[in-house]
Amino acid sequence: MTIATLEPVPIAVPTELARGRGGGGPAPKRIVVAYGFWIFILSDIIMFSGLFAAYAVLSRNTAGGPTGAELFNLRNVFIETMCLLFSSYTCGLGALSAERRQSGRFLVFAVLTFVLGAAFLYIEASEFAGMVAKGAGPSRSGFLSAFFTLVGTHGVHVTGGLIWLIYLVAQVIIKGLRAAVLRRLLCWSLFWHALDIVWVGVFTLVYLMGDFH
Amino acid sequence: MDSHRHGLGDRTPGVEDYEPTASYLSYTAGLGLAILATIVSFVVSQTNLLWTPGIPVGLVVLAFAQIGVHLVFFLHLGSAPDNTNNILALAFGVLIVFLVITGSIWIIANLNANMMEMSAPMGR
């Protein structure tokens, strides 16, 4: 990284001796794994950007069917948002406890994260079921196809994240907080925080702008 | 595990390496700011606090602010040199997201504007 060699270095060690910058050997595995997973998350967000674009383009195409303002219940959306935000918070605190090898605290935070994520999914699933029961399913209009695709893809990601969390908790219990398990936990927490970032886009573009229009 | 001890090398997103005592504080501050941004977004969209045509712009600004809060306080992305790789990757991702979304909206708006009148049940 040529940029880094121009920066002042706090310690009296030549920058080219830093690991991952040439002379110091390869970067530690943890850095490499997390960077690779970060690239995956960014590509996942680019996939979401396609769904956001489709929704933005189709959101007025209701084909005479119900509009967002008629379908959305903003009180539920606010509760969903808070569930996901607090689960992101407990996920961060759990990751911190894991870094400090406090497996008891980690398990408490993992359970809290799981419960909040599951509450989010429950509200979303009942919202979807209510819309389908009202005849506002994904085949009703272009707007609803785009809505179910975008929000549903996010929901599928949350479901996948919860299943992944169960798997990781089992690993922590059986294998303990060893380096490989910590790397997996790091990837999972990046994934979970990224889902919350995508949800900020969803509640702003879909629900708040949909109800305001 | 060892590189962050002496402050050289790269840093991973999602990890607060240097100030272990400040980390809980960082997450809690991020939570507070994110809750604030969320509440303001919901209030702005439901009231006449903002000039009505400006509400979408206000909502977009609040969403970007909240995403920034998440990146800094939850993912610990900063401007330090050890974060350069992560930030460069993020910048590239943001560029692509921007191109996909604004490009689609722009093209389809043009297409709609140039569309011939259709019979009422088909159009829009």
# chains A, B, ... in the order shown; residues from 1 in each chain; ligands from 1
$ residues_around --residues "Ser139 of chain A" --least-positions-apart "3" --cutoff "12 Å" --atoms "only C-alpha atoms" --output "NGL selection string"
:A and (62-63 or 65 or 131-132 or 135-136 or 142-149)
$ interface_residues --of "chain A" --to "chain B" --cutoff "7 Å" --atoms "only C-alpha atoms" --output "MDAnalysis selection string"
chainID A and resid 4 18:21 31 34:35 39 42 46 49:50 52:53 56:57 61 63 89 92:93 190 197 200:201 204 208:209 212
$ write_last_selection --atoms "C-alpha atoms" --output "PDB file, in the first residue's frame"
ATOM      1  CA  ALA A   4       0.370   3.735   4.001  1.00  0.00           C
ATOM      2  CA  ALA A  18       4.629  -4.247   8.897  1.00  0.00           C
ATOM      3  CA  ARG A  19       2.913  -7.552   8.195  1.00  0.00           C
ATOM      4  CA  GLY A  20       0.869  -7.565   5.033  1.00  0.00           C
ATOM      5  CA  ARG A  21       2.807  -4.590   3.649  1.00  0.00           C
ATOM      6  CA  ILE A  31      -7.011  -9.869   8.933  1.00  0.00           C
ATOM      7  CA  ALA A  34     -12.162 -10.574   7.729  1.00  0.00           C
ATOM      8  CA  TYR A  35     -11.069  -8.613   4.650  1.00  0.00           C
ATOM      9  CA  ILE A  39     -15.546  -7.970   0.194  1.00  0.00           C
ATOM     10  CA  LEU A  42     -19.973  -5.406  -0.135  1.00  0.00           C
ATOM     11  CA  ILE A  46     -24.407  -4.486  -4.437  1.00  0.00           C
ATOM     12  CA  SER A  49     -28.748  -2.269  -4.644  1.00  0.00           C
ATOM     13  CA  GLY A  50     -30.232  -4.003  -7.689  1.00  0.00           C
ATOM     14  CA  PHE A  52     -33.528  -1.349  -4.275  1.00  0.00           C
ATOM     15  CA  ALA A  53     -33.311   0.029  -7.814  1.00  0.00           C
ATOM     16  CA  ALA A  56     -37.584   2.478  -6.662  1.00  0.00           C
ATOM     17  CA  VAL A  57     -38.535   2.059 -10.311  1.00  0.00           C
ATOM     18  CA  ASN A  61     -46.787   0.683 -10.533  1.00  0.00           C
ATOM     19  CA  ALA A  63     -51.797  -1.700 -11.359  1.00  0.00           C
ATOM     20  CA  TYR A  89     -26.009  -3.865  19.607  1.00  0.00           C
ATOM     21  CA  GLY A  92     -21.465  -6.183  19.055  1.00  0.00           C
ATOM     22  CA  LEU A  93     -21.315  -6.689  22.825  1.00  0.00           C
ATOM     23  CA  LEU A 190     -19.927  -8.379  10.213  1.00  0.00           C
ATOM     24  CA  ILE A 197     -27.369  -1.317   7.484  1.00  0.00           C
ATOM     25  CA  VAL A 200     -31.925   1.270   7.270  1.00  0.00           C
ATOM     26  CA  GLY A 201     -32.289   1.531   3.493  1.00  0.00           C
ATOM     27  CA  THR A 204     -36.409   4.568   4.684  1.00  0.00           C
ATOM     28  CA  LEU A 208     -41.319   5.821   5.230  1.00  0.00           C
ATOM     29  CA  MET A 209     -41.247   7.107   1.648  1.00  0.00           C
ATOM     30  CA  PHE A 212     -45.449   9.529   2.824  1.00  0.00           C
TER      31      PHE A 212
END
$ select_by_dssp --residues "segment 17-194 of chain A" --states "alpha helix (DSSP H)" --output "compact mmCIF listing (two decimals) with C-alpha atoms, in the first residue's frame"
# COMPACT_ATOMS: atom_id res chain seq x y z
CA LYS A 29 -5.02 -14.94 9.03
CA ARG A 30 -7.63 -13.02 11.00
CA ILE A 31 -7.01 -9.87 8.93
CA VAL A 32 -7.12 -11.80 5.65
CA VAL A 33 -10.32 -13.68 6.57
CA ALA A 34 -12.16 -10.57 7.73
CA TYR A 35 -11.07 -8.61 4.65
CA GLY A 36 -12.30 -11.37 2.36
CA PHE A 37 -15.61 -11.48 4.19
CA TRP A 38 -15.86 -7.69 3.99
CA ILE A 39 -15.55 -7.97 0.19
CA PHE A 40 -18.33 -10.58 0.23
CA ILE A 41 -20.56 -8.27 2.28
CA LEU A 42 -19.97 -5.41 -0.14
CA SER A 43 -20.90 -7.66 -3.06
CA ASP A 44 -24.04 -8.71 -1.17
CA ILE A 45 -24.91 -5.03 -0.70
CA ILE A 46 -24.41 -4.49 -4.44
CA MET A 47 -26.92 -7.28 -5.04
CA PHE A 48 -29.33 -5.49 -2.70
CA SER A 49 -28.75 -2.27 -4.64
CA GLY A 50 -30.23 -4.00 -7.69
CA LEU A 51 -33.34 -4.90 -5.69
CA PHE A 52 -33.53 -1.35 -4.27
CA ALA A 53 -33.31 0.03 -7.81
CA ALA A 54 -36.08 -2.34 -8.96
CA TYR A 55 -38.28 -1.22 -6.06
CA ALA A 56 -37.58 2.48 -6.66
CA VAL A 57 -38.54 2.06 -10.31
CA LEU A 58 -41.66 -0.05 -9.68
CA GLY A 68 -47.91 1.17 0.23
CA ALA A 69 -49.75 3.81 2.27
CA GLU A 70 -52.78 1.50 2.48
CA LEU A 71 -50.78 -1.62 3.37
CA LEU A 74 -45.57 1.97 10.58
CA ARG A 75 -45.92 1.05 14.23
CA ASN A 76 -44.90 -2.53 13.40
CA VAL A 77 -42.08 -1.28 11.19
CA PHE A 78 -40.76 0.83 14.06
CA ILE A 79 -40.81 -2.19 16.40
CA GLU A 80 -39.04 -4.27 13.73
CA THR A 81 -36.41 -1.57 13.33
CA MET A 82 -35.79 -1.43 17.06
CA CYS A 83 -35.53 -5.25 17.28
CA LEU A 84 -32.89 -5.31 14.57
CA LEU A 85 -31.01 -2.32 15.98
CA PHE A 86 -30.85 -3.77 19.49
CA SER A 87 -29.84 -7.17 18.12
CA SER A 88 -26.99 -5.45 16.28
CA TYR A 89 -26.01 -3.87 19.61
CA THR A 90 -26.09 -7.14 21.55
CA CYS A 91 -24.22 -8.79 18.67
CA GLY A 92 -21.46 -6.18 19.06
CA LEU A 93 -21.31 -6.69 22.83
CA GLY A 94 -21.26 -10.46 22.28
CA ALA A 95 -18.35 -10.15 19.85
CA LEU A 96 -16.54 -8.02 22.43
CA SER A 97 -17.08 -10.65 25.15
CA ALA A 98 -15.85 -13.36 22.79
CA GLU A 99 -12.67 -11.36 22.06
CA SER A 103 -17.80 -17.34 26.98
CA GLY A 104 -20.59 -17.03 29.58
CA ARG A 105 -21.25 -13.40 28.68
CA PHE A 106 -20.96 -14.24 25.01
CA LEU A 107 -23.70 -16.86 25.32
CA VAL A 108 -26.04 -14.43 27.09
CA PHE A 109 -25.56 -11.84 24.34
CA ALA A 110 -25.92 -14.49 21.63
CA VAL A 111 -29.28 -15.58 23.08
CA LEU A 112 -30.45 -11.95 23.26
CA THR A 113 -29.35 -11.38 19.64
CA PHE A 114 -31.19 -14.51 18.54
CA VAL A 115 -34.41 -13.57 20.37
CA LEU A 116 -34.42 -10.04 18.92
CA GLY A 117 -33.70 -11.33 15.42
CA ALA A 118 -36.45 -13.94 15.72
CA ALA A 119 -38.90 -11.26 16.94
CA PHE A 120 -38.05 -9.20 13.85
CA LEU A 121 -38.69 -12.19 11.61
CA TYR A 122 -41.97 -13.03 13.35
CA ILE A 123 -43.33 -9.50 12.82
CA GLU A 124 -42.20 -9.51 9.20
CA ALA A 125 -43.70 -12.93 8.50
CA SER A 126 -47.05 -11.96 10.02
CA GLU A 127 -47.01 -8.74 7.96
CA PHE A 128 -46.41 -10.76 4.79
CA ALA A 129 -49.11 -13.28 5.69
CA GLY A 130 -51.59 -10.45 6.37
CA MET A 131 -50.84 -8.84 3.00
CA VAL A 132 -51.22 -12.10 1.11
CA ALA A 133 -54.51 -12.78 2.94
CA GLY A 142 -45.22 -4.65 -10.04
CA PHE A 143 -45.00 -2.66 -6.82
CA LEU A 144 -45.82 -5.71 -4.70
CA SER A 145 -43.45 -7.99 -6.66
CA ALA A 146 -40.61 -5.58 -6.01
CA PHE A 147 -41.67 -5.14 -2.37
CA PHE A 148 -41.76 -8.87 -1.60
CA THR A 149 -38.48 -9.46 -3.44
CA LEU A 150 -36.57 -6.71 -1.64
CA VAL A 151 -37.99 -7.15 1.86
CA GLY A 152 -38.16 -10.93 1.46
CA THR A 153 -34.50 -11.18 0.43
CA HIS A 154 -33.56 -9.22 3.52
CA GLY A 155 -35.74 -11.55 5.61
CA VAL A 156 -34.04 -14.59 4.07
CA HIS A 157 -30.67 -13.11 5.02
CA VAL A 158 -31.87 -12.62 8.61
CA THR A 159 -33.09 -16.23 8.69
CA GLY A 160 -29.73 -17.42 7.39
CA GLY A 161 -27.97 -15.28 10.00
CA LEU A 162 -30.03 -16.86 12.80
CA ILE A 163 -29.28 -20.40 11.61
CA TRP A 164 -25.60 -19.48 11.34
CA LEU A 165 -25.73 -18.11 14.90
CA ILE A 166 -27.11 -21.40 16.28
CA TYR A 167 -24.28 -23.22 14.53
CA LEU A 168 -21.69 -20.85 15.99
CA VAL A 169 -23.08 -21.05 19.51
CA ALA A 170 -22.81 -24.84 19.26
CA GLN A 171 -19.18 -24.43 18.17
CA VAL A 172 -18.42 -22.10 21.08
CA ILE A 173 -19.96 -24.58 23.53
CA ILE A 174 -18.19 -27.62 22.07
CA LYS A 175 -14.87 -26.20 20.87
CA ALA A 179 -8.87 -18.70 17.19
CA ALA A 180 -10.74 -20.43 14.35
CA VAL A 181 -14.08 -20.06 16.14
CA LEU A 182 -13.33 -16.39 16.86
CA ARG A 183 -12.67 -15.77 13.16
CA ARG A 184 -16.05 -17.31 12.29
CA LEU A 185 -17.73 -15.21 14.95
CA LEU A 186 -16.08 -12.11 13.51
CA CYS A 187 -17.47 -12.91 10.05
CA TRP A 188 -20.90 -13.54 11.48
CA SER A 189 -20.97 -10.24 13.38
CA LEU A 190 -19.93 -8.38 10.21
CA PHE A 191 -22.81 -10.08 8.41
CA TRP A 192 -25.29 -9.16 11.14
CA HIS A 193 -24.24 -5.50 11.27
CA ALA A 194 -24.46 -5.35 7.46
